[in-house]
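What follows is the content of work_28.csv (CSV, C-alpha atoms).
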chain,number,residue,atom,x,y,z
J,4,MET,CA,-84.4,-42.5,-4.6
J,5,ASP,CA,-86.8,-40.2,-2.7
J,6,ILE,CA,-87.8,-36.6,-3.3
J,7,THR,CA,-85.1,-35.3,-0.9
J,8,SER,CA,-82.2,-36.3,-3.0
J,9,GLY,CA,-83.9,-34.9,-6.1
J,10,LEU,CA,-84.3,-31.5,-4.3
J,11,ILE,CA,-80.7,-31.6,-3.2
J,12,ALA,CA,-79.6,-32.3,-6.8
J,13,ILE,CA,-81.7,-29.3,-8.0
J,14,GLY,CA,-80.2,-27.1,-5.3
J,15,ALA,CA,-76.6,-28.1,-6.2
J,16,GLY,CA,-77.3,-27.4,-9.9
J,17,LEU,CA,-78.8,-24.0,-9.0
J,18,ALA,CA,-75.9,-23.1,-6.8
J,19,VAL,CA,-73.3,-23.6,-9.6
J,20,GLY,CA,-75.6,-22.3,-12.3
J,21,LEU,CA,-76.7,-19.0,-10.7
J,22,ALA,CA,-73.1,-18.3,-9.5
J,23,GLY,CA,-71.9,-19.0,-13.0
J,24,ILE,CA,-74.0,-16.3,-14.5
J,25,GLY,CA,-72.4,-13.7,-12.3
J,26,THR,CA,-68.9,-15.0,-12.8
J,27,GLY,CA,-69.4,-15.1,-16.6
J,28,SER,CA,-70.6,-11.5,-16.6
J,29,GLY,CA,-67.7,-10.4,-14.3
J,30,GLN,CA,-65.0,-12.1,-16.4
J,31,GLY,CA,-66.5,-10.7,-19.5
J,32,THR,CA,-66.2,-7.2,-18.0
J,33,VAL,CA,-62.6,-7.8,-17.0
J,34,CYS,CA,-61.6,-9.2,-20.4
J,35,GLY,CA,-63.4,-6.4,-22.3
J,36,ALA,CA,-61.9,-3.6,-20.2
J,37,ALA,CA,-58.4,-5.2,-20.6
J,38,LEU,CA,-58.8,-5.4,-24.4
J,39,GLU,CA,-59.9,-1.8,-24.5
J,40,GLY,CA,-56.9,-0.8,-22.5
J,41,MET,CA,-54.6,-2.8,-24.8
J,42,ALA,CA,-56.1,-1.2,-27.9
J,43,ARG,CA,-55.6,2.3,-26.4
J,44,ASN,CA,-52.1,1.6,-25.1
J,45,PRO,CA,-50.4,-1.2,-27.0
J,46,GLU,CA,-47.0,-0.8,-25.3
J,47,MET,CA,-48.6,-1.8,-21.9
J,48,GLU,CA,-50.0,-5.0,-23.3
J,49,SER,CA,-47.9,-7.5,-21.3
J,50,LYS,CA,-48.6,-5.7,-18.0
J,51,ILE,CA,-52.3,-5.4,-18.7
J,52,ARG,CA,-52.5,-9.1,-19.7
J,53,THR,CA,-50.9,-10.2,-16.4
J,54,ASN,CA,-53.4,-8.0,-14.4
J,55,MET,CA,-56.3,-9.3,-16.5
J,56,PHE,CA,-55.5,-12.9,-15.6
J,57,ILE,CA,-55.3,-12.0,-11.9
J,58,GLY,CA,-58.6,-10.1,-12.1
J,59,ALA,CA,-60.2,-13.0,-13.9
J,60,GLY,CA,-58.9,-15.3,-11.2
J,61,LEU,CA,-60.4,-13.1,-8.5
J,62,CYS,CA,-63.8,-13.0,-10.3
J,63,GLU,CA,-63.8,-16.8,-10.4
J,64,THR,CA,-64.2,-16.8,-6.6
J,65,SER,CA,-68.0,-16.5,-6.6
J,66,VAL,CA,-68.6,-19.5,-8.8
J,67,ILE,CA,-66.1,-21.4,-6.7
J,68,TYR,CA,-68.2,-20.7,-3.6
J,69,GLY,CA,-71.1,-22.1,-5.5
J,70,LEU,CA,-69.1,-25.2,-6.4
J,71,VAL,CA,-68.1,-25.7,-2.8
J,72,ILE,CA,-71.8,-25.5,-1.7
J,73,ALA,CA,-72.7,-27.9,-4.5
J,74,ILE,CA,-70.1,-30.4,-3.3
J,75,VAL,CA,-71.3,-30.1,0.3
J,76,LEU,CA,-74.9,-30.6,-0.9
J,77,ILE,CA,-74.1,-33.7,-3.0
J,78,SER,CA,-72.1,-35.3,-0.2
J,79,LYS,CA,-75.4,-35.1,1.8
J,80,MET,CA,-77.3,-37.1,-0.8
Q,9,MET,CA,-59.0,-41.5,10.9
Q,10,GLU,CA,-58.2,-44.7,9.0
Q,11,ALA,CA,-54.7,-46.0,8.7
Q,12,GLN,CA,-54.6,-45.8,4.9
Q,13,ASN,CA,-55.9,-42.2,5.0
Q,14,LEU,CA,-53.3,-41.3,7.5
Q,15,THR,CA,-50.5,-42.8,5.3
Q,16,GLU,CA,-51.8,-40.7,2.4
Q,17,GLN,CA,-51.6,-37.6,4.5
Q,18,TYR,CA,-48.0,-38.4,5.6
Q,19,ILE,CA,-47.0,-38.9,1.9
Q,20,VAL,CA,-48.6,-35.5,1.1
Q,21,ILE,CA,-46.7,-33.8,4.0
Q,22,LEU,CA,-43.4,-35.6,3.1
Q,23,GLY,CA,-43.8,-34.6,-0.6
Q,24,THR,CA,-44.4,-31.0,0.3
Q,25,PHE,CA,-41.3,-31.0,2.5
Q,26,VAL,CA,-39.2,-32.6,-0.2
Q,27,ILE,CA,-40.3,-30.0,-2.8
Q,28,MET,CA,-39.8,-27.1,-0.4
Q,29,SER,CA,-36.3,-28.2,0.5
Q,30,ILE,CA,-35.3,-28.8,-3.1
Q,31,ALA,CA,-36.6,-25.3,-4.1
Q,32,MET,CA,-35.0,-23.6,-1.1
Q,33,ILE,CA,-31.6,-25.2,-1.6
Q,34,TYR,CA,-31.6,-24.6,-5.4
Q,35,PHE,CA,-32.6,-20.9,-5.2
Q,36,GLY,CA,-30.6,-20.3,-2.0
Q,37,LEU,CA,-27.4,-21.5,-3.6
Q,38,LEU,CA,-27.9,-19.5,-6.8
Q,39,ILE,CA,-29.1,-16.3,-5.1
Q,40,LYS,CA,-26.1,-16.4,-2.8
Q,41,LYS,CA,-23.7,-16.8,-5.7
Q,42,SER,CA,-25.2,-13.8,-7.5
Q,43,ASN,CA,-22.7,-11.1,-8.6
Q,44,PRO,CA,-24.3,-8.1,-10.4
Q,45,LEU,CA,-21.0,-7.2,-12.3
Q,46,LYS,CA,-20.7,-10.6,-14.0
Q,47,ILE,CA,-22.8,-11.6,-17.0
Q,48,GLU,CA,-24.1,-15.2,-16.5
Q,49,LYS,CA,-25.0,-17.8,-19.0
Q,50,THR,CA,-26.3,-20.7,-17.0
Q,51,SER,CA,-29.5,-21.2,-14.9
Q,52,GLN,CA,-28.1,-18.4,-12.7
Q,53,ASN,CA,-29.6,-16.0,-15.3
Q,54,LEU,CA,-33.0,-17.6,-15.1
Q,55,VAL,CA,-33.0,-17.3,-11.3
Q,56,GLU,CA,-32.0,-13.6,-11.4
Q,57,ILE,CA,-34.9,-12.9,-13.9
Q,58,PHE,CA,-37.2,-14.8,-11.6
Q,59,PHE,CA,-36.0,-12.9,-8.5
Q,60,SER,CA,-36.3,-9.5,-10.0
Q,61,TYR,CA,-39.8,-10.3,-11.2
Q,62,PHE,CA,-40.9,-10.9,-7.6
Q,63,GLU,CA,-39.0,-7.8,-6.5
Q,64,SER,CA,-41.1,-5.8,-9.0
Q,65,ILE,CA,-44.3,-7.3,-7.7
Q,66,VAL,CA,-43.5,-6.3,-4.1
Q,67,GLU,CA,-42.4,-2.9,-5.2
Q,68,SER,CA,-45.6,-2.3,-7.2
Q,69,ILE,CA,-47.8,-3.2,-4.1
Q,70,LEU,CA,-45.8,-2.2,-1.0
Q,71,GLY,CA,-43.2,0.3,-2.4
Q,72,GLN,CA,-39.4,0.4,-2.6
Q,73,LYS,CA,-39.0,0.5,1.2
Q,74,TYR,CA,-40.3,-3.0,1.8
Q,75,VAL,CA,-38.7,-4.9,-1.1
Q,76,LYS,CA,-35.9,-6.4,1.1
Q,77,THR,CA,-38.4,-7.4,3.8
Q,78,PHE,CA,-41.1,-9.1,1.8
Q,79,THR,CA,-39.4,-10.5,-1.3
Q,80,PRO,CA,-38.3,-13.8,0.4
Q,81,LEU,CA,-41.9,-14.3,1.8
Q,82,THR,CA,-43.4,-13.7,-1.6
Q,83,ILE,CA,-41.1,-16.2,-3.3
Q,84,THR,CA,-41.8,-18.8,-0.6
Q,85,ILE,CA,-45.6,-18.5,-0.9
Q,86,PHE,CA,-45.6,-18.5,-4.6
Q,87,CYS,CA,-43.1,-21.4,-5.1
Q,88,THR,CA,-44.5,-23.7,-2.5
Q,89,ILE,CA,-48.2,-23.3,-3.6
Q,90,PHE,CA,-47.3,-23.5,-7.3
Q,91,LEU,CA,-44.9,-26.5,-7.0
Q,92,THR,CA,-47.0,-28.6,-4.6
Q,93,ASN,CA,-50.0,-28.1,-6.8
Q,94,ILE,CA,-48.3,-29.0,-10.1
Q,95,SER,CA,-46.5,-31.9,-8.6
Q,96,GLY,CA,-49.9,-33.5,-8.2
Q,97,LEU,CA,-49.5,-34.4,-11.9
Q,98,ILE,CA,-46.7,-36.8,-11.1
Q,99,GLY,CA,-48.2,-37.9,-7.8
Q,100,LEU,CA,-45.6,-36.6,-5.4
Q,101,ALA,CA,-47.6,-34.2,-3.4
Q,102,GLU,CA,-51.3,-33.5,-3.7
Q,103,GLY,CA,-51.3,-29.9,-2.6
Q,104,ALA,CA,-54.8,-28.3,-2.6
Q,105,LYS,CA,-56.4,-31.1,-4.5
Q,106,PHE,CA,-59.4,-32.4,-2.4
Q,107,ASN,CA,-57.5,-31.2,0.6
Q,108,PRO,CA,-59.0,-28.1,2.3
Q,109,TYR,CA,-56.7,-28.5,5.3
Q,110,TYR,CA,-53.7,-27.5,3.1
Q,111,THR,CA,-55.2,-24.3,1.8
Q,112,PHE,CA,-56.7,-23.3,5.2
Q,113,THR,CA,-53.3,-23.8,6.8
Q,114,TRP,CA,-51.8,-21.4,4.3
Q,115,SER,CA,-54.6,-18.8,4.6
Q,116,ILE,CA,-54.7,-18.8,8.4
Q,117,SER,CA,-51.0,-18.6,8.8
Q,118,MET,CA,-50.9,-15.7,6.3
Q,119,PHE,CA,-53.8,-14.1,8.3
Q,120,LEU,CA,-51.8,-14.4,11.5
Q,121,LEU,CA,-48.7,-13.0,9.7
Q,122,TRP,CA,-50.3,-9.8,8.3
Q,123,ASN,CA,-52.2,-9.1,11.6
Q,124,ILE,CA,-49.1,-9.6,13.8
Q,125,TYR,CA,-47.1,-7.5,11.3
Q,126,GLY,CA,-49.9,-4.9,11.5
Q,127,ILE,CA,-49.9,-4.8,15.3
Q,128,TYR,CA,-46.1,-4.5,15.2
Q,129,LYS,CA,-46.3,-1.7,12.6
Q,130,VAL,CA,-49.2,0.5,13.9
Q,131,GLY,CA,-49.5,-0.6,17.5
Q,132,ILE,CA,-52.5,-2.2,19.2
Q,133,LYS,CA,-54.4,1.1,19.4
Q,134,GLY,CA,-54.0,1.8,15.7
Q,135,PHE,CA,-54.9,-1.8,14.9
Q,136,ILE,CA,-58.2,-1.5,16.7
Q,137,GLY,CA,-58.7,1.9,15.3
Q,138,GLU,CA,-58.7,0.3,11.8
Q,139,PHE,CA,-62.2,-1.0,12.6
Q,140,PHE,CA,-63.6,2.4,13.4
Q,141,ALA,CA,-61.8,4.2,10.6
Q,142,VAL,CA,-65.0,4.5,8.4
Q,143,GLY,CA,-67.4,5.1,11.3
Q,144,VAL,CA,-68.8,3.3,14.4
Q,145,LEU,CA,-71.8,2.0,12.4
Q,146,MET,CA,-69.5,0.3,9.9
Q,147,ALA,CA,-67.5,-1.5,12.6
Q,148,PRO,CA,-69.5,-4.8,12.6
Q,149,LEU,CA,-69.1,-5.0,8.8
Q,150,GLU,CA,-65.3,-4.3,9.1
Q,151,LEU,CA,-65.2,-7.1,11.7
Q,152,ILE,CA,-66.9,-9.5,9.4
Q,153,SER,CA,-64.6,-8.7,6.5
Q,154,PHE,CA,-61.7,-9.1,8.8
Q,155,PHE,CA,-62.6,-12.7,9.5
Q,156,VAL,CA,-63.9,-13.6,6.0
Q,157,LYS,CA,-60.6,-12.8,4.3
Q,158,PRO,CA,-58.7,-16.0,5.3
Q,159,ILE,CA,-61.8,-18.1,4.7
Q,160,SER,CA,-62.3,-16.7,1.2
Q,161,MET,CA,-58.6,-17.1,0.4
Q,162,GLY,CA,-58.5,-20.7,1.5
Q,163,LEU,CA,-61.8,-21.6,-0.3
Q,164,ARG,CA,-60.6,-19.9,-3.5
Q,165,LEU,CA,-57.4,-21.9,-3.7
Q,166,PHE,CA,-59.1,-25.2,-2.7
Q,167,GLY,CA,-62.1,-24.7,-5.0
Q,168,ASN,CA,-60.1,-23.8,-8.1
Q,169,ILE,CA,-57.6,-26.7,-7.8
Q,170,THR,CA,-60.3,-29.2,-6.9
Q,171,ALA,CA,-62.6,-28.0,-9.7
Q,172,GLY,CA,-59.8,-28.5,-12.2
Q,173,ALA,CA,-59.1,-32.0,-10.8
Q,174,ILE,CA,-62.8,-33.0,-11.0
Q,175,LEU,CA,-63.0,-31.7,-14.6
Q,176,MET,CA,-59.8,-33.6,-15.7
Q,177,GLY,CA,-61.1,-36.8,-14.0
Q,178,MET,CA,-64.4,-36.5,-15.9
Q,179,VAL,CA,-62.6,-36.0,-19.2
Q,180,TRP,CA,-60.4,-39.1,-18.7
Q,181,MET,CA,-63.5,-41.1,-17.8
Q,182,VAL,CA,-65.2,-40.5,-21.2
Q,183,PRO,CA,-63.7,-43.5,-23.1
Q,184,GLU,CA,-64.6,-45.9,-20.3
Q,185,LEU,CA,-68.2,-44.7,-20.2
Q,186,LEU,CA,-68.5,-44.9,-24.0
Q,187,ALA,CA,-67.0,-48.4,-24.0
Q,188,HIS,CA,-69.9,-49.5,-21.8
Q,189,MET,CA,-72.3,-48.6,-24.7
Q,190,SER,CA,-70.2,-50.2,-27.4
Q,191,HIS,CA,-66.6,-51.2,-27.6
Q,192,ALA,CA,-65.9,-49.6,-30.9
Q,193,LEU,CA,-67.1,-46.2,-29.7
Q,194,GLY,CA,-64.7,-46.4,-26.7
Q,195,ILE,CA,-61.7,-47.2,-28.9
Q,196,VAL,CA,-62.6,-44.5,-31.5
Q,197,SER,CA,-63.0,-41.8,-28.9
Q,198,LEU,CA,-59.7,-42.6,-27.2
Q,199,PRO,CA,-57.3,-40.5,-29.4
Q,200,LEU,CA,-59.7,-37.5,-29.3
Q,201,VAL,CA,-60.0,-37.8,-25.5
Q,202,ILE,CA,-56.2,-38.0,-25.1
Q,203,LEU,CA,-55.8,-34.9,-27.2
Q,204,ILE,CA,-58.4,-32.9,-25.3
Q,205,GLY,CA,-57.2,-34.3,-22.0
Q,206,THR,CA,-53.7,-33.2,-22.6
Q,207,VAL,CA,-54.8,-29.6,-23.4
Q,208,LEU,CA,-57.0,-29.6,-20.3
Q,209,THR,CA,-54.2,-30.9,-18.2
Q,210,GLY,CA,-52.1,-28.0,-19.4
Q,211,VAL,CA,-54.9,-25.6,-18.6
Q,212,PHE,CA,-56.1,-27.0,-15.2
Q,213,GLY,CA,-52.9,-28.7,-14.1
Q,214,LEU,CA,-50.3,-26.0,-14.9
Q,215,PHE,CA,-52.0,-22.7,-15.8
Q,216,GLY,CA,-54.7,-22.8,-13.1
Q,217,PRO,CA,-52.2,-23.4,-10.2
Q,218,PHE,CA,-50.0,-20.6,-11.6
Q,219,ILE,CA,-52.9,-18.1,-11.6
Q,220,GLN,CA,-54.1,-19.2,-8.1
Q,221,ALA,CA,-50.6,-19.0,-6.6
Q,222,THR,CA,-50.2,-15.5,-8.1
Q,223,VAL,CA,-53.6,-14.4,-6.8
Q,224,PHE,CA,-52.8,-15.8,-3.3
Q,225,THR,CA,-49.5,-14.0,-3.3
Q,226,TYR,CA,-51.1,-10.7,-4.4
Q,227,LEU,CA,-53.8,-10.9,-1.8
Q,228,THR,CA,-51.3,-11.5,1.0
Q,229,LEU,CA,-49.3,-8.5,-0.1
Q,230,VAL,CA,-52.4,-6.3,-0.5
Q,231,ASN,CA,-53.5,-7.2,3.0
Q,232,ILE,CA,-50.0,-6.4,4.4
Q,233,SER,CA,-50.2,-3.1,2.4
Q,234,THR,CA,-53.2,-1.9,4.4
Q,235,PHE,CA,-50.9,-1.5,7.4
Q,236,THR,CA,-47.9,0.0,5.6
Q,237,GLN,CA,-49.6,2.7,3.4
Q,238,GLU,CA,-50.5,5.3,6.1
Q,239,HIS,CA,-47.1,5.5,7.6
Q,240,GLU,CA,-44.9,6.3,4.7
Write-out of the structure in structure tokens:
Amino acid sequence: MDITSGLIAIGAGLAVGLAGIGTGSGQGTVCGAALEGMARNPEMESKIRTNMFIGAGLCETSVIYGLVIAIVLISKM
Amino acid sequence: MEAQNLTEQYIVILGTFVIMSIAMIYFGLLIKKSNPLKIEKTSQNLVEIFFSYFESIVESILGQKYVKTFTPLTITIFCTIFLTNISGLIGLAEGAKFNPYYTFTWSISMFLLWNIYGIYKVGIKGFIGEFFAVGVLMAPLELISFFVKPISMGLRLFGNITAGAILMGMVWMVPELLAHMSHALGIVSLPLVILIGTVLTGVFGLFGPFIQATVFTYLTLVNISTFTQEHE
């Protein structure tokens, strides 16, 4: 194993890891705001929950890009 | 392409067609039979709840006027993506699992659909005018976001399903890896791994595809709605 594959492994890890920070923060914001909305307006709970899951699914996109980059990098190893 | 690989592709395509035709015949027969004055007891009731749920989604995004036009499309997108992805669990069709061609076929055909609909709706002049709506300086950015939309939709679907599949595969590999260290450890960890793996299969095999199919459907409708909002 030479230094190139080691650098590729570090790059793949960084791609997922750094993207994961942003996604975690974003999903936390989505979930927190949804809980706040549910507490203020309990009769809207089911509608807010549906929209929360969709918002969380949209937030996941950035880490998925990181994952795709990581898969591409690892396949070059 | 190798012969075995091609056979796998044919099985995937055939499985998708089988699932699509079963869903279409089942829902088609039940929706055709629908009578609003009669109270139903059988699976007819379920289908009507399902249908009105999608009608409410289309109504909340596009408005009452477009419910009749876009509800069939919405149900088609949602059912096909969801059913092909969950039928990977029984090995009938793989769907988006390790298969970016599948998701990009979906996203590019939806991209063509909403742009052709937009040209039909606002005319070629209005369609080009969309790029200069904010200002001439913003036109390149608008052009980039125009082409990035289908790529991001395809990658999102592919990445989510594939990530779930990789994670599930890693969990099922744990007893085998532990058995390499010592046989007892592998046997002891088996019940725990089966328990965790079942829960994860539920999350990544059923819940994930449901959320992704919903997100894909919503994004398609939102992109269609950019052309319908100004002309109400």
Using only C-alpha atoms, I'd like a table of the residues in chain J that come within 6 Å of chain Q; for each, show the closest atom pair and its distance in Å rounded to one decimal, ordered by chain and ascending number, as a tab-separated table.
residue	atom	partner	partner_atom	distance
J:Ile57	CA	Q:Val223	CA	5.9
J:Thr64	CA	Q:Arg164	CA	5.7
J:Ile67	CA	Q:Gly167	CA	5.5
Exercise. Mind checking which residues fall within 7 Å of stretch 79-84 of chain Q, counting all atoms listed in the file, ignoring those fewer than 6 positions away in the same chain, and posting them as an NGL selection string?
Key: :Q and (62-63 or 66 or 225)
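Atom CA of Q:Trp122 lies 18.3 Å from atom CA of Q:Ala141.
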Exercise. Quick one: everything within 7 Å of J:Thr26, counting all atoms listed in the file, minus sequence neighbours fewer than 2 positions away in the same chain. Send it as a VMD selection string.
Key: chain J and resid 22 to 24 28 to 30 62 to 63 65 to 66
Exercise. Anything within 6 Å of (-62.1, -32.1, -21.1): list those residues as a PyMOL selection string, counting all atoms listed in the file and sticking to the file's coordinates.
Key: chain Q and resi 179+204-205+208
Quiz item: What is the distance between atom CA of Q:Ser60 and atom CA of J:Asn54, in Å to one decimal?
Solution: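 These two atoms are separated by 17.7 Å.
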Quiz prompt | Polymer residues at most 12 Å from J:Ala73, only C-alpha atoms, same-chain spacing of 2 or more positions, as a ChimeraX atom specification | solution = /J:11-22,66-71,75-80 /Q:167,171
What would the file look like if the residues just selected were written as a PDB file, in the frame of the given file with C-alpha atoms?
ATOM      1  CA  ILE J  11     -80.700 -31.600  -3.200  1.00  0.00           C
ATOM      2  CA  ALA J  12     -79.600 -32.300  -6.800  1.00  0.00           C
ATOM      3  CA  ILE J  13     -81.700 -29.300  -8.000  1.00  0.00           C
ATOM      4  CA  GLY J  14     -80.200 -27.100  -5.300  1.00  0.00           C
ATOM      5  CA  ALA J  15     -76.600 -28.100  -6.200  1.00  0.00           C
ATOM      6  CA  GLY J  16     -77.300 -27.400  -9.900  1.00  0.00           C
ATOM      7  CA  LEU J  17     -78.800 -24.000  -9.000  1.00  0.00           C
ATOM      8  CA  ALA J  18     -75.900 -23.100  -6.800  1.00  0.00           C
ATOM      9  CA  VAL J  19     -73.300 -23.600  -9.600  1.00  0.00           C
ATOM     10  CA  GLY J  20     -75.600 -22.300 -12.300  1.00  0.00           C
ATOM     11  CA  LEU J  21     -76.700 -19.000 -10.700  1.00  0.00           C
ATOM     12  CA  ALA J  22     -73.100 -18.300  -9.500  1.00  0.00           C
ATOM     13  CA  VAL J  66     -68.600 -19.500  -8.800  1.00  0.00           C
ATOM     14  CA  ILE J  67     -66.100 -21.400  -6.700  1.00  0.00           C
ATOM     15  CA  TYR J  68     -68.200 -20.700  -3.600  1.00  0.00           C
ATOM     16  CA  GLY J  69     -71.100 -22.100  -5.500  1.00  0.00           C
ATOM     17  CA  LEU J  70     -69.100 -25.200  -6.400  1.00  0.00           C
ATOM     18  CA  VAL J  71     -68.100 -25.700  -2.800  1.00  0.00           C
ATOM     19  CA  VAL J  75     -71.300 -30.100   0.300  1.00  0.00           C
ATOM     20  CA  LEU J  76     -74.900 -30.600  -0.900  1.00  0.00           C
ATOM     21  CA  ILE J  77     -74.100 -33.700  -3.000  1.00  0.00           C
ATOM     22  CA  SER J  78     -72.100 -35.300  -0.200  1.00  0.00           C
ATOM     23  CA  LYS J  79     -75.400 -35.100   1.800  1.00  0.00           C
ATOM     24  CA  MET J  80     -77.300 -37.100  -0.800  1.00  0.00           C
TER      25      MET J  80
ATOM     26  CA  GLY Q 167     -62.100 -24.700  -5.000  1.00  0.00           C
ATOM     27  CA  ALA Q 171     -62.600 -28.000  -9.700  1.00  0.00           C
TER      28      ALA Q 171
END
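Separating atom CA of Q:Lys105 from atom CA of Q:Ile89 is a distance of 11.4 Å.
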Around stretch 7-19 of chain J, with edges along x, y and z and 4 Å added on all six sides, what centre and edge lengths do you get, in Å to one decimal, as JSON?
{"center_x": -79.2, "center_y": -29.7, "center_z": -5.4, "size_x": 19.8, "size_y": 21.2, "size_z": 17.0}
Quiz item: Any idea what's packed within 9 Å of Q:Gly96, counting only C-alpha atoms, ignoring anything in its chain fewer than 5 positions away? Could you give it as number ranges by chain?
Solution: Q: 91, 101-103, 105, 213
File dump, residues just selected, C-alpha atoms, as a compact mmCIF listing (two decimals), keeping the file's coordinate frame:
# COMPACT_ATOMS: atom_id res chain seq x y z
CA LEU Q 91 -44.90 -26.50 -7.00
CA ALA Q 101 -47.60 -34.20 -3.40
CA GLU Q 102 -51.30 -33.50 -3.70
CA GLY Q 103 -51.30 -29.90 -2.60
CA LYS Q 105 -56.40 -31.10 -4.50
CA GLY Q 213 -52.90 -28.70 -14.10
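Residues in contact range of J:Arg52, defined as at most 9 Å between all atoms listed in the file, with sequence neighbours fewer than 5 positions away removed, read Ala37, Leu38, Met41, Met47 and Ile57 of chain J.
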